[in-house]
Structure formats: C-alpha cells, structure tokens
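Before any comments, here is the structure.
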Amino acid sequence: MEYVGTALAEMTMPQISPLAGEPIERADAERLAGVLKALADPARLRLLSLIQSAPEGEACVCDLTAPLGLSQPTVSHHLRILTEAGLLEREKRGVWAYYRLVPSAIATIADLLTPPRKRATKRAR
C-alpha cells in the first residue's frame, strides 16, 4: 500500500488565526489561502462530503464519478488538488486509488477560522 498526500500535515500551518486580532504573516496567509482555494469549489466540497459519508470513510474514483456527474479525469483532477492541499489522503491498491479525509487538516482549518473567543467557549464545554 502506498500513501500519497497530506501536504497540509507536512507544511506548517499558521499558528495565529487571521481572526485573532493580530496581523497574520504573509507566508502564513498564502499557505492558508492555498488550502481555502482548494476548498472553494462546489465539486470539491461535494467530494469531501461523499468521501466522509462513504462506508468506512473512504472512496475510490470509480465510486465518485456518477454522484458528481463528472468524468473520471475531472474527478481525479479535483481529488489531486484536495490531496495536494492536504485535505485528503490517497492510498493506492493495485490499479485503484482510495481517498479518505485527513481529520486533523479539517480540524486545523476550522480552528484557524474560529474566532478565539468562540474557541475558548467551545473548549470549556
């Protein structure tokens, strides 16, 4: 089995939220913007949803083309972008590639976009 992806895990995400009340560094803003750009597509958002709701939380490209109504090359393109952004993990099994969400990446993005006061309230519960 070969795992590919998780660029988000490999790169350092900003330690400071753009909503923290302090300026975010340019490099941090560029990294976060790259990940958010990967998310800013309806087909990619649907892919994340379909993969997360699939049995065992993973799906093959062959399982995703019909629900999206897109061709296999187009779906593969979107999956590659999500994988390069670190939002998906890819596992090659024979000729097929299976994708699953990287929960820590999704949690990191959610945390960065949650204002600090709301984060403190959320953790106190």
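Please note that chains go A, B, ... in the order of the structure tokens, that every chain numbers its residues from 1, and that ligands are numbered from 1 in the order shown.
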Do a neighbour search on Trp96 (chain A) at 9 Å with only C-alpha atoms, toss out local chain neighbours closer than 3 positions, and write the hits as a list in words.
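So the residues in contact are Cys60, Val61, Cys62, Glu91, Lys92 and Arg93 of chain A.
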In region 46-115 of chain A, what's alpha helix (DSSP H) per DSSP? Answer as JSON, numbers by chain?
{"A": [46, 47, 48, 49, 50, 51, 52, 53, 61, 62, 63, 64, 65, 66, 67, 68, 72, 73, 74, 75, 76, 77, 78, 79, 80, 81, 82, 83, 84, 103, 104, 105, 106, 107, 108, 109, 110, 111, 112]}
Nearest to Thr108 (chain A): which of A:Ile81, A:Ser49, A:Gly94, A:Leu32 is it, counting only C-alpha atoms?
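Selected residue with least distance to Thr108 (chain A): A:Leu32.
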Nearest residue to Thr83 (chain A) out of A:Ser53, A:Arg44, A:Leu70, A:Pro115, using only C-alpha atoms?
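Of A:Ser53, A:Arg44, A:Leu70, A:Pro115, the one nearest Thr83 (chain A) is A:Arg44, counting only C-alpha atoms.
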State, in Å with one decimal place, the distance from CA of Pro103 (chain A) to CA of Gln52 (chain A).
9.9 Å
Nearest to Arg31 (chain A) by atom-to-atom distance, counting only C-alpha atoms, from A:Leu47, A:Ala54, A:Ala85, A:Ala105:
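Checking each candidate against Arg31 (chain A), we get A:Ala85 as the closest.
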